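S.K.: The file below is upload.csv, CSV, C-alpha atoms:
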```
chain,number,residue,atom,x,y,z
P,1,MET,CA,-22.2,30.4,44.8
P,2,SER,CA,-25.9,31.0,44.1
P,3,THR,CA,-25.0,33.8,41.8
P,4,ASN,CA,-22.8,31.4,39.7
P,5,SER,CA,-25.6,28.9,39.7
P,6,GLN,CA,-28.1,31.5,38.4
P,7,GLU,CA,-25.7,32.6,35.7
P,8,GLN,CA,-25.3,29.0,34.6
P,9,GLU,CA,-29.0,28.5,34.5
P,10,ILE,CA,-29.4,31.7,32.4
P,11,ASP,CA,-26.7,30.5,30.0
P,12,LEU,CA,-28.3,27.1,29.6
P,13,SER,CA,-31.6,28.8,29.1
P,14,GLN,CA,-30.2,31.0,26.3
P,15,ILE,CA,-28.5,28.0,24.7
P,16,GLY,CA,-31.8,26.1,24.8
P,17,LYS,CA,-33.7,29.0,23.2
P,18,SER,CA,-31.0,29.3,20.5
P,19,ILE,CA,-31.2,25.5,19.7
P,20,THR,CA,-35.0,25.8,19.6
P,21,LYS,CA,-34.9,28.8,17.2
P,22,VAL,CA,-32.5,26.9,14.9
P,23,PHE,CA,-34.6,23.8,15.0
P,24,GLN,CA,-37.8,25.8,14.3
P,25,LYS,CA,-36.0,27.7,11.5
P,26,GLY,CA,-35.1,24.4,9.9
P,27,ILE,CA,-38.7,23.1,10.1
P,28,ASN,CA,-39.9,26.4,8.6
P,29,LYS,CA,-37.5,26.0,5.7
P,30,CYS,CA,-38.7,22.5,5.1
P,31,PHE,CA,-42.3,23.5,5.0
P,32,ASP,CA,-41.5,26.5,2.9
P,33,LEU,CA,-40.0,24.1,0.3
P,34,LEU,CA,-43.0,21.8,0.7
P,35,PHE,CA,-45.5,24.5,0.2
P,36,PHE,CA,-43.5,25.9,-2.8
P,37,ILE,CA,-43.5,22.5,-4.5
P,38,GLN,CA,-47.2,22.2,-3.8
P,39,LYS,CA,-47.7,25.6,-5.3
P,40,LYS,CA,-45.6,24.8,-8.4
P,41,LEU,CA,-46.7,21.2,-8.6
P,42,VAL,CA,-47.6,21.3,-12.2
P,43,ILE,CA,-44.1,22.7,-13.1
P,44,VAL,CA,-42.4,20.1,-10.9
P,45,PHE,CA,-44.5,17.3,-12.5
P,46,VAL,CA,-43.7,18.4,-16.0
P,47,LEU,CA,-39.9,18.6,-15.2
P,48,PHE,CA,-40.1,15.0,-13.7
P,49,VAL,CA,-41.8,13.8,-16.9
P,50,ILE,CA,-39.3,15.5,-19.2
P,51,GLY,CA,-36.3,14.3,-17.1
P,52,GLY,CA,-37.7,10.8,-16.9
P,53,GLY,CA,-38.3,10.7,-20.7
P,54,LEU,CA,-34.8,11.9,-21.5
P,55,GLY,CA,-33.4,9.5,-18.9
P,56,PHE,CA,-35.2,6.5,-20.5
P,57,TYR,CA,-33.9,7.7,-23.9
P,58,PHE,CA,-30.3,7.8,-22.7
P,59,ASP,CA,-30.7,4.4,-20.9
P,60,LYS,CA,-32.2,2.9,-23.9
P,61,GLU,CA,-28.8,1.9,-25.3
P,62,PRO,CA,-26.6,1.0,-22.3
P,63,ASN,CA,-22.9,0.3,-22.6
P,64,TYR,CA,-21.6,-3.2,-21.8
P,65,THR,CA,-18.7,-4.7,-19.9
P,66,ASN,CA,-16.8,-7.9,-20.9
P,67,ASN,CA,-14.3,-9.6,-18.6
P,68,ILE,CA,-11.7,-12.2,-19.5
P,69,VAL,CA,-9.8,-13.8,-16.7
P,70,VAL,CA,-6.4,-15.0,-18.0
P,71,ALA,CA,-3.3,-16.7,-16.7
P,72,PRO,CA,0.0,-15.9,-18.5
P,73,ASN,CA,2.3,-18.9,-19.0
P,74,PHE,CA,6.0,-19.2,-19.5
P,75,GLY,CA,6.8,-15.8,-17.8
P,76,SER,CA,4.7,-13.9,-20.3
P,77,ASN,CA,3.2,-11.4,-17.8
P,78,GLU,CA,5.0,-8.4,-19.1
P,79,TYR,CA,4.3,-9.4,-22.7
P,80,LEU,CA,0.5,-9.7,-21.8
P,81,TYR,CA,0.5,-6.1,-20.4
P,82,ASP,CA,2.3,-4.8,-23.4
P,83,LYS,CA,-0.2,-6.4,-25.8
P,84,ILE,CA,-3.2,-5.0,-24.0
P,85,ASN,CA,-1.6,-1.5,-23.8
P,86,LEU,CA,-1.0,-1.8,-27.5
P,87,ILE,CA,-4.6,-2.6,-28.3
P,88,SER,CA,-5.7,0.3,-26.1
P,89,LEU,CA,-3.4,2.6,-28.0
P,90,LYS,CA,-4.5,1.4,-31.4
P,91,LEU,CA,-8.1,1.9,-30.2
P,92,LYS,CA,-7.5,5.5,-29.3
P,93,GLU,CA,-5.8,6.0,-32.7
P,94,LYS,CA,-8.9,4.4,-34.4
P,95,ASP,CA,-6.4,2.2,-36.3
P,96,GLN,CA,-9.0,0.1,-38.3
P,97,THR,CA,-6.2,-1.6,-40.3
P,98,PHE,CA,-4.7,-3.0,-37.2
P,99,PHE,CA,-8.0,-4.3,-35.8
P,100,THR,CA,-9.1,-5.8,-39.2
P,101,LYS,CA,-5.8,-7.7,-39.3
P,102,ILE,CA,-6.5,-9.3,-35.9
P,103,GLY,CA,-10.1,-10.1,-36.8
P,104,ILE,CA,-12.2,-7.2,-35.3
P,105,LYS,CA,-14.3,-5.4,-38.0
P,106,ASN,CA,-16.3,-3.0,-35.9
P,107,ILE,CA,-14.3,-0.7,-33.6
P,108,LYS,CA,-16.9,2.1,-33.7
P,109,ASP,CA,-18.7,0.5,-30.7
P,110,PHE,CA,-15.5,-0.7,-29.0
P,111,ILE,CA,-15.0,1.8,-26.2
P,112,SER,CA,-12.0,0.7,-24.2
P,113,ILE,CA,-9.8,-2.1,-22.9
P,114,ASP,CA,-7.5,-2.4,-19.9
P,115,ILE,CA,-6.0,-5.0,-17.7
P,116,GLN,CA,-5.7,-5.4,-13.9
P,117,PRO,CA,-4.1,-8.0,-11.7
P,118,ILE,CA,-6.3,-10.2,-9.6
P,119,ASN,CA,-4.8,-10.0,-6.1
P,120,GLY,CA,-3.0,-13.3,-5.6
P,121,ILE,CA,-0.2,-12.6,-3.2
P,122,TYR,CA,-0.4,-16.0,-1.6
P,123,ASN,CA,-0.1,-17.8,-5.0
P,124,PHE,CA,2.7,-15.4,-5.8
P,125,ILE,CA,4.6,-16.3,-2.6
P,126,ASN,CA,4.0,-20.0,-2.9
P,127,SER,CA,4.7,-20.3,-6.6
P,128,GLU,CA,6.8,-23.4,-7.3
P,129,SER,CA,8.4,-21.7,-10.4
P,130,GLN,CA,9.5,-18.7,-8.3
P,131,LYS,CA,10.6,-20.1,-5.0
P,132,ASN,CA,12.4,-16.9,-4.0
P,133,ASN,CA,9.2,-14.7,-4.2
P,134,PHE,CA,8.6,-15.0,-0.5
P,135,GLU,CA,12.0,-13.8,0.4
P,136,LEU,CA,11.7,-11.0,-2.2
P,137,VAL,CA,8.4,-9.7,-0.7
P,138,LYS,CA,9.8,-10.1,2.8
P,139,LEU,CA,12.9,-8.0,1.9
P,140,MET,CA,10.8,-5.3,0.2
P,141,ALA,CA,8.4,-5.1,3.1
P,142,GLU,CA,11.3,-4.2,5.4
P,143,ASP,CA,11.7,-0.9,3.6
P,144,GLY,CA,8.1,0.0,3.0
P,145,ASP,CA,4.4,-0.6,3.5
P,146,LEU,CA,3.5,-4.2,2.6
P,147,GLU,CA,0.1,-3.2,1.3
P,148,LYS,CA,1.6,-0.8,-1.2
P,149,ILE,CA,4.1,-3.5,-2.2
P,150,ILE,CA,1.3,-5.9,-2.9
P,151,GLU,CA,-0.5,-3.4,-5.0
P,152,ASP,CA,2.7,-2.2,-6.7
P,153,ASN,CA,2.8,-2.8,-10.5
P,154,THR,CA,6.1,-4.5,-10.3
P,155,THR,CA,4.7,-7.1,-7.9
P,156,SER,CA,1.1,-7.4,-9.1
P,157,LYS,CA,2.1,-7.9,-12.8
P,158,ASN,CA,3.5,-11.2,-11.7
P,159,TYR,CA,0.4,-12.5,-10.1
P,160,TYR,CA,-1.1,-15.7,-11.4
P,161,LEU,CA,-4.4,-14.3,-12.6
P,162,HIS,CA,-5.3,-11.1,-14.4
P,163,ALA,CA,-8.6,-9.5,-15.6
P,164,ILE,CA,-8.9,-8.0,-19.0
P,165,ASN,CA,-11.8,-5.4,-18.9
P,166,ILE,CA,-13.5,-4.4,-22.1
P,167,LYS,CA,-16.2,-1.8,-22.5
P,168,THR,CA,-18.5,-1.6,-25.6
P,169,ALA,CA,-21.4,0.4,-26.7
P,170,ILE,CA,-23.3,-2.6,-28.1
P,171,ALA,CA,-23.6,-6.3,-27.2
P,172,TYR,CA,-20.9,-8.0,-29.3
P,173,ASN,CA,-20.9,-11.7,-30.3
P,174,GLN,CA,-17.9,-13.4,-28.6
P,175,LYS,CA,-16.5,-14.5,-32.0
P,176,ASP,CA,-16.5,-10.9,-33.2
P,177,LEU,CA,-14.5,-9.3,-30.3
P,178,ILE,CA,-13.4,-11.5,-27.5
P,179,ASP,CA,-12.1,-14.5,-29.5
P,180,PRO,CA,-9.9,-12.2,-31.8
P,181,ILE,CA,-8.4,-10.6,-28.8
P,182,VAL,CA,-7.6,-13.9,-27.1
P,183,ASN,CA,-6.1,-15.2,-30.3
P,184,TYR,CA,-4.0,-12.1,-30.8
P,185,LEU,CA,-2.5,-12.6,-27.4
P,186,GLN,CA,-1.1,-16.0,-28.6
P,187,GLN,CA,0.9,-14.5,-31.5
P,188,SER,CA,4.5,-14.4,-30.3
P,189,ASP,CA,7.2,-16.4,-32.1
P,190,TYR,CA,9.4,-16.5,-29.0
P,191,PHE,CA,6.7,-17.7,-26.6
P,192,ILE,CA,5.3,-20.2,-29.2
P,193,LYS,CA,8.8,-21.8,-29.3
P,194,LEU,CA,9.0,-21.7,-25.5
P,195,GLN,CA,5.5,-23.2,-25.3
P,196,LYS,CA,6.6,-26.2,-27.4
P,197,ILE,CA,9.7,-26.8,-25.3
P,198,GLN,CA,7.7,-26.7,-22.1
P,199,GLN,CA,5.0,-29.0,-23.5
P,200,ASN,CA,7.6,-31.5,-24.6
P,201,ASN,CA,9.4,-31.4,-21.3
P,202,LEU,CA,6.0,-31.9,-19.5
P,203,GLU,CA,5.1,-34.9,-21.6
P,204,GLU,CA,8.5,-36.4,-21.1
P,205,LYS,CA,8.2,-35.9,-17.4
P,206,ILE,CA,4.8,-37.5,-17.2
P,207,THR,CA,6.0,-40.5,-19.3
P,208,ALA,CA,9.1,-40.9,-17.1
P,209,ASN,CA,7.0,-40.7,-13.9
P,210,THR,CA,4.5,-43.3,-15.3
P,211,SER,CA,7.3,-45.6,-16.2
P,212,ILE,CA,8.8,-45.4,-12.7
P,213,ILE,CA,5.4,-45.9,-11.1
P,214,ASN,CA,5.0,-49.1,-13.2
P,215,GLN,CA,8.5,-50.3,-12.2
P,216,ILE,CA,7.6,-49.7,-8.5
P,217,ASP,CA,4.4,-51.7,-8.9
P,218,GLN,CA,6.4,-54.6,-10.2
P,219,ILE,CA,9.0,-54.4,-7.4
P,220,VAL,CA,6.3,-54.1,-4.8
P,221,LEU,CA,4.5,-57.1,-6.2
P,222,SER,CA,7.7,-59.2,-6.2
P,223,LEU,CA,8.7,-58.1,-2.7
P,224,SER,CA,5.3,-58.5,-1.2
P,225,GLN,CA,5.2,-62.2,-1.9
P,226,ASN,CA,7.7,-64.9,-1.0
P,227,LYS,CA,8.3,-68.1,-2.8
P,228,THR,CA,5.5,-69.9,-0.8
P,229,GLY,CA,3.0,-67.1,-1.7
P,230,SER,CA,2.6,-65.7,1.8
P,231,SER,CA,2.4,-61.8,2.0
P,232,VAL,CA,5.2,-59.7,3.6
P,233,SER,CA,4.3,-56.9,6.0
P,234,ILE,CA,5.1,-53.5,4.5
P,235,SER,CA,5.8,-52.0,7.9
P,236,GLU,CA,8.6,-54.7,8.3
P,237,ASN,CA,10.3,-53.6,5.1
P,238,THR,CA,11.6,-50.1,5.1
P,239,GLY,CA,12.7,-50.2,1.5
P,240,LEU,CA,9.2,-51.3,0.4
P,241,SER,CA,7.6,-48.5,2.4
P,242,ASP,CA,10.0,-45.9,0.8
P,243,LEU,CA,9.0,-47.2,-2.7
P,244,ILE,CA,5.3,-46.8,-1.9
P,245,GLN,CA,5.9,-43.3,-0.7
P,246,LYS,CA,7.9,-42.6,-3.8
P,247,LYS,CA,5.0,-43.9,-5.9
P,248,ASP,CA,2.5,-41.6,-4.1
P,249,ASN,CA,4.7,-38.6,-4.7
P,250,LEU,CA,5.0,-39.4,-8.4
P,251,ILE,CA,1.2,-39.8,-8.7
P,252,ILE,CA,0.7,-36.4,-7.1
P,253,GLU,CA,3.3,-34.9,-9.4
P,254,ASN,CA,1.6,-36.3,-12.4
P,255,GLN,CA,-1.7,-34.9,-11.3
P,256,LYS,CA,-0.2,-31.4,-11.1
P,257,LEU,CA,1.5,-32.0,-14.5
P,258,ALA,CA,-1.9,-32.9,-16.0
P,259,THR,CA,-3.2,-29.5,-14.8
P,260,ASN,CA,-0.2,-27.8,-16.4
P,261,ARG,CA,-0.9,-29.7,-19.6
P,262,LEU,CA,-4.3,-28.0,-19.7
P,263,GLU,CA,-2.9,-24.6,-18.8
P,264,PHE,CA,0.0,-24.9,-21.4
P,265,GLU,CA,-2.5,-25.1,-24.3
P,266,LYS,CA,-2.2,-21.4,-24.7
P,267,ILE,CA,0.5,-18.8,-24.0
P,268,ILE,CA,-2.2,-16.6,-22.4
P,269,LYS,CA,-4.7,-19.1,-21.0
P,270,ASP,CA,-8.3,-17.7,-20.7
P,271,GLN,CA,-9.8,-19.2,-17.6
P,272,ASP,CA,-13.2,-17.4,-17.6
P,273,ILE,CA,-15.1,-15.2,-20.0
P,274,VAL,CA,-18.1,-13.1,-19.1
P,275,THR,CA,-19.6,-11.1,-22.0
P,276,ASN,CA,-22.2,-8.3,-22.4
P,277,GLN,CA,-22.9,-7.4,-18.9
P,278,ILE,CA,-24.9,-4.1,-18.7
P,279,ASN,CA,-22.6,-1.5,-17.2
P,280,THR,CA,-24.3,0.0,-14.1
P,281,SER,CA,-21.2,1.7,-12.6
P,282,GLY,CA,-21.5,5.5,-12.0
P,283,ALA,CA,-24.4,7.1,-13.8
P,284,ASN,CA,-24.7,4.2,-16.4
P,285,ASN,CA,-28.3,3.0,-16.8
P,286,LYS,CA,-29.5,5.3,-14.0
P,287,MET,CA,-30.3,8.5,-16.0
P,288,LYS,CA,-34.1,7.8,-15.8
P,289,PHE,CA,-33.7,8.5,-12.0
P,290,ILE,CA,-31.0,11.1,-12.1
P,291,LEU,CA,-32.3,13.5,-14.7
P,292,PRO,CA,-35.7,14.2,-13.1
P,293,LEU,CA,-34.0,15.0,-9.8
P,294,LEU,CA,-31.5,17.2,-11.6
P,295,PHE,CA,-34.2,19.1,-13.5
P,296,VAL,CA,-36.2,19.8,-10.4
P,297,LEU,CA,-33.1,20.7,-8.4
P,298,PHE,CA,-32.0,23.1,-11.1
P,299,TYR,CA,-35.4,24.7,-11.2
P,300,LEU,CA,-35.4,25.2,-7.4
P,301,VAL,CA,-31.9,26.6,-7.3
P,302,SER,CA,-32.7,28.9,-10.3
P,303,TYR,CA,-35.8,30.2,-8.5
P,304,TRP,CA,-33.9,30.8,-5.3
P,305,PHE,CA,-31.1,32.6,-7.1
P,306,SER,CA,-33.6,34.8,-9.0
P,307,LYS,CA,-35.5,35.7,-5.8
P,308,THR,CA,-32.3,36.4,-3.9
P,309,TYR,CA,-30.9,38.5,-6.8
P,310,LYS,CA,-34.1,40.7,-6.8
P,311,GLN,CA,-33.8,41.2,-3.1
P,312,GLN,CA,-30.2,42.1,-3.3
P,313,LYS,CA,-30.8,44.4,-6.2
P,314,LYS,CA,-33.5,46.3,-4.2
P,315,ARG,CA,-31.2,46.5,-1.3
P,316,ILE,CA,-28.5,48.1,-3.4
P,317,GLN,CA,-30.9,50.5,-5.0
P,318,ALA,CA,-32.3,51.5,-1.6
P,319,SER,CA,-28.9,52.3,-0.1
```
Let me see the structure of the file written as structure tokens.

M.R.:
Amino acid sequence: MSTNSQEQEIDLSQIGKSITKVFQKGINKCFDLLFFIQKKLVIVFVLFVIGGGLGFYFDKEPNYTNNIVVAPNFGSNEYLYDKINLISLKLKEKDQTFFTKIGIKNIKDFISIDIQPINGIYNFINSESQKNNFELVKLMAEDGDLEKIIEDNTTSKNYYLHAINIKTAIAYNQKDLIDPIVNYLQQSDYFIKLQKIQQNNLEEKITANTSIINQIDQIVLSLSQNKTGSSVSISENTGLSDLIQKKDNLIIENQKLATNRLEFEKIIKDQDIVTNQINTSGANNKMKFILPLLFVLFYLVSYWFSKTYKQQKKRIQAS
């Protein structure tokens, strides 16, 4: 038993010595690097200066992002995506004629355009125009991952809001880039006709609701007073209570229709536009910090490789 105990103590002692050696070796390497940098301080400083200078030069003219949040009306979701994809394709082809026609003169600094749905699964499920969406999502979820279904293009294209992302090399004026794109999205004979029909239907519905509300007001006024002028309790008159509830429902409906009136002003309604944000994603606008570190790292790696190469060459020659 004591022999096993002594063997365990020896093993632990050896493990402890090994850990200490590794730790000490790591410390030695760190100080070797520190002393090397101290020895080559002038070279490291020059590389930092050169890298910083080049970094400031590259960051001098940053690229920009522009975002348009839009809501497609009248079932124009697929049409919206096709239009944006077409603009992206024409941009890759450098089709100046196409862009001049839609009102964009400078495409040299127009880098890219794409569109992404803004996650709105709850609005999608609760949409009044698509009452079967909930059952559809429920049915699809039975055969697959709900998260994947939410992110699937077939589902997400039908969300209420979508973000058009535009990257440019310069800061454009809104009238020179954003406005022509928004206007171009409205150019569809079919959806223009559908828009007029929907607008007329909306105005007729608001007018009809308003007329019914006025009639209810007249009925309530006549029922709430008797010939002697004394008031009648609403709670005692079920018909009167139903009329008032009907009026409240019509007022709420008219309020929603007033919102629709604003949205129906355009086929693709722009809800928010943010222009000329400096793009800081990835390495954008960070080269002043990245290049100095890369230059020094490259120098250290090159020095280590050169030293190792010479050592290995001597070893080969000695063998």

S.K.: What's the separation between CA of Thr65 (chain P) and CA of Lys288 (chain P), in Å to one decimal place?

M.R.: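 Separating CA of Thr65 (chain P) from CA of Lys288 (chain P) is a distance of 20.3 Å.
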
S.K.: Looking at all atoms listed in the file, which of P:Leu86, P:Leu250, P:Val274, P:Val70 is the one that sits closest to Ser211 (chain P)?

M.R.: P:Leu250

S.K.: For Ile273 (chain P), please output as a list of chain:residue names all residues within 9 Å (counting only C-alpha atoms; exclusion window: fewer than 6 positions along the same chain).

M.R.: P:Asn66, P:Asn67, P:Ile68, P:Val69, P:Val70, P:Ile178

S.K.: List as an mmCIF file with C-alpha atoms, keeping the file's coordinate frame the protein and nucleic acid residues near Lys247 (chain P), meaning an atom at most 12 Å away when all atoms listed in the file are counted, but skip any in the same chain fewer than 3 places from it.

M.R.:
```cif
data_model
loop_
_atom_site.group_PDB
_atom_site.id
_atom_site.type_symbol
_atom_site.label_atom_id
_atom_site.label_comp_id
_atom_site.auth_asym_id
_atom_site.auth_seq_id
_atom_site.Cartn_x
_atom_site.Cartn_y
_atom_site.Cartn_z
ATOM 1 C CA ASN P 209 7.000 -40.700 -13.900
ATOM 2 C CA THR P 210 4.500 -43.300 -15.300
ATOM 3 C CA SER P 211 7.300 -45.600 -16.200
ATOM 4 C CA ILE P 212 8.800 -45.400 -12.700
ATOM 5 C CA ILE P 213 5.400 -45.900 -11.100
ATOM 6 C CA ASN P 214 5.000 -49.100 -13.200
ATOM 7 C CA GLN P 215 8.500 -50.300 -12.200
ATOM 8 C CA ILE P 216 7.600 -49.700 -8.500
ATOM 9 C CA ASP P 217 4.400 -51.700 -8.900
ATOM 10 C CA GLN P 218 6.400 -54.600 -10.200
ATOM 11 C CA ILE P 219 9.000 -54.400 -7.400
ATOM 12 C CA VAL P 220 6.300 -54.100 -4.800
ATOM 13 C CA LEU P 240 9.200 -51.300 0.400
ATOM 14 C CA SER P 241 7.600 -48.500 2.400
ATOM 15 C CA ASP P 242 10.000 -45.900 0.800
ATOM 16 C CA LEU P 243 9.000 -47.200 -2.700
ATOM 17 C CA ILE P 244 5.300 -46.800 -1.900
ATOM 18 C CA LEU P 250 5.000 -39.400 -8.400
ATOM 19 C CA ILE P 251 1.200 -39.800 -8.700
ATOM 20 C CA ILE P 252 0.700 -36.400 -7.100
ATOM 21 C CA GLU P 253 3.300 -34.900 -9.400
ATOM 22 C CA ASN P 254 1.600 -36.300 -12.400
#
```

S.K.: When you count only C-alpha atoms, which of these residues is closest to Ile290 (chain P): P:Ile37, P:Ser76, P:Leu54, P:Ile43?

M.R.: P:Leu54

S.K.: Skip Gly51 (chain P) itself and residues of its chain fewer than 3 positions away, then list as a ChimeraX atom specification all residues within 8 Å of it, counting all atoms listed in the file.

M.R.: /P:47-48,54-55,288,290-295

S.K.: Compile the contact shell of Lys196 (chain P) as a PyMOL selection string: residues with an atom at most 12 Å away, counting all atoms listed in the file, same-chain residues fewer than 5 positions apart removed.

M.R.: chain P and resi 73-74+189-191+201-203+261+264-267

S.K.: Using only C-alpha atoms for the distances, tell me which of P:Asn183, P:Gln199, P:Thr155, P:Gln245 is nearest to Lys101 (chain P).

M.R.: P:Asn183

S.K.: Expressed in Å to a single decimal, how great is the separation between CA of Ala208 (chain P) and CA of Ala258 (chain P)?

M.R.: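 Spanning CA of Ala208 (chain P) to CA of Ala258 (chain P) is a straight-line distance of 13.6 Å.
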
S.K.: Find the residue from P:Ile164, P:Leu221, P:Leu177, P:Glu204 that sits nearest to Asp272 (chain P); use all atoms listed in the file when measuring.

M.R.: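 Once distances to Asp272 (chain P) are computed over all atoms listed in the file, the minimum belongs to P:Ile164.
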
S.K.: Please compute the CA of Ile113 (chain P)-CA of Leu262 (chain P) distance, one decimal, in Å.

M.R.: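 These atoms are spaced 26.7 Å apart.
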
S.K.: Give the answer as one residue: which of P:Asn106, P:Thr168, P:Ser306, P:Gln271 has the shortest atom-to-atom distance to Pro72 (chain P), using only C-alpha atoms?

M.R.: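 Under the stated criterion, the closest residue is P:Gln271.
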
S.K.: Would you kindly place N, CA and C atoms on region 172-193 of chain P and return the model as an mmCIF file, keeping the file's coordinate frame?

M.R.:
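To be explicit, this is the file written out as selection-v9.cif:
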```cif
data_model
loop_
_atom_site.group_PDB
_atom_site.id
_atom_site.type_symbol
_atom_site.label_atom_id
_atom_site.label_comp_id
_atom_site.auth_asym_id
_atom_site.auth_seq_id
_atom_site.Cartn_x
_atom_site.Cartn_y
_atom_site.Cartn_z
ATOM 1 N N TYR P 172 -21.608 -7.289 -28.293
ATOM 2 C CA TYR P 172 -20.900 -8.000 -29.300
ATOM 3 C C TYR P 172 -21.055 -9.507 -29.189
ATOM 4 N N ASN P 173 -21.003 -10.210 -30.315
ATOM 5 C CA ASN P 173 -20.900 -11.700 -30.300
ATOM 6 C C ASN P 173 -19.426 -11.984 -29.868
ATOM 7 N N GLN P 174 -19.248 -13.031 -29.098
ATOM 8 C CA GLN P 174 -17.900 -13.400 -28.600
ATOM 9 C C GLN P 174 -16.924 -13.583 -29.756
ATOM 10 N N LYS P 175 -17.387 -14.179 -30.841
ATOM 11 C CA LYS P 175 -16.500 -14.500 -32.000
ATOM 12 C C LYS P 175 -16.052 -13.199 -32.713
ATOM 13 N N ASP P 176 -16.789 -12.091 -32.494
ATOM 14 C CA ASP P 176 -16.500 -10.900 -33.200
ATOM 15 C C ASP P 176 -15.535 -9.938 -32.431
ATOM 16 N N LEU P 177 -15.345 -10.176 -31.136
ATOM 17 C CA LEU P 177 -14.500 -9.300 -30.300
ATOM 18 C C LEU P 177 -13.594 -10.055 -29.376
ATOM 19 N N ILE P 178 -14.187 -10.874 -28.514
ATOM 20 C CA ILE P 178 -13.400 -11.500 -27.500
ATOM 21 C C ILE P 178 -12.419 -12.552 -28.069
ATOM 22 N N ASP P 179 -12.916 -13.421 -28.935
ATOM 23 C CA ASP P 179 -12.100 -14.500 -29.500
ATOM 24 C C ASP P 179 -10.877 -13.881 -30.306
ATOM 25 N N PRO P 180 -11.091 -12.834 -31.142
ATOM 26 C CA PRO P 180 -9.900 -12.200 -31.800
ATOM 27 C C PRO P 180 -8.875 -11.689 -30.879
ATOM 28 N N ILE P 181 -9.317 -11.098 -29.761
ATOM 29 C CA ILE P 181 -8.400 -10.600 -28.800
ATOM 30 C C ILE P 181 -7.579 -11.681 -28.128
ATOM 31 N N VAL P 182 -8.286 -12.746 -27.705
ATOM 32 C CA VAL P 182 -7.600 -13.900 -27.100
ATOM 33 C C VAL P 182 -6.631 -14.531 -28.054
ATOM 34 N N ASN P 183 -7.029 -14.657 -29.319
ATOM 35 C CA ASN P 183 -6.100 -15.200 -30.300
ATOM 36 C C ASN P 183 -4.921 -14.356 -30.588
ATOM 37 N N TYR P 184 -5.141 -13.052 -30.578
ATOM 38 C CA TYR P 184 -4.000 -12.100 -30.800
ATOM 39 C C TYR P 184 -2.981 -12.228 -29.714
ATOM 40 N N LEU P 185 -3.418 -12.518 -28.496
ATOM 41 C CA LEU P 185 -2.500 -12.600 -27.400
ATOM 42 C C LEU P 185 -1.562 -13.851 -27.506
ATOM 43 N N GLN P 186 -1.908 -14.784 -28.399
ATOM 44 C CA GLN P 186 -1.100 -16.000 -28.600
ATOM 45 C C GLN P 186 -0.012 -15.809 -29.641
ATOM 46 N N GLN P 187 0.016 -14.661 -30.297
ATOM 47 C CA GLN P 187 0.900 -14.500 -31.500
ATOM 48 C C GLN P 187 2.234 -13.897 -31.069
ATOM 49 N N SER P 188 3.122 -14.797 -30.655
ATOM 50 C CA SER P 188 4.500 -14.400 -30.300
ATOM 51 C C SER P 188 5.407 -15.574 -30.698
ATOM 52 N N ASP P 189 6.309 -15.342 -31.634
ATOM 53 C CA ASP P 189 7.200 -16.400 -32.100
ATOM 54 C C ASP P 189 8.037 -16.965 -30.933
ATOM 55 N N TYR P 190 8.540 -16.063 -30.087
ATOM 56 C CA TYR P 190 9.400 -16.500 -29.000
ATOM 57 C C TYR P 190 8.608 -17.392 -28.017
ATOM 58 N N PHE P 191 7.417 -16.943 -27.595
ATOM 59 C CA PHE P 191 6.700 -17.700 -26.600
ATOM 60 C C PHE P 191 6.048 -18.981 -27.227
ATOM 61 N N ILE P 192 5.803 -18.970 -28.531
ATOM 62 C CA ILE P 192 5.300 -20.200 -29.200
ATOM 63 C C ILE P 192 6.417 -21.276 -29.127
ATOM 64 N N LYS P 193 7.667 -20.872 -29.372
ATOM 65 C CA LYS P 193 8.800 -21.800 -29.300
ATOM 66 C C LYS P 193 8.967 -22.297 -27.839
#
```
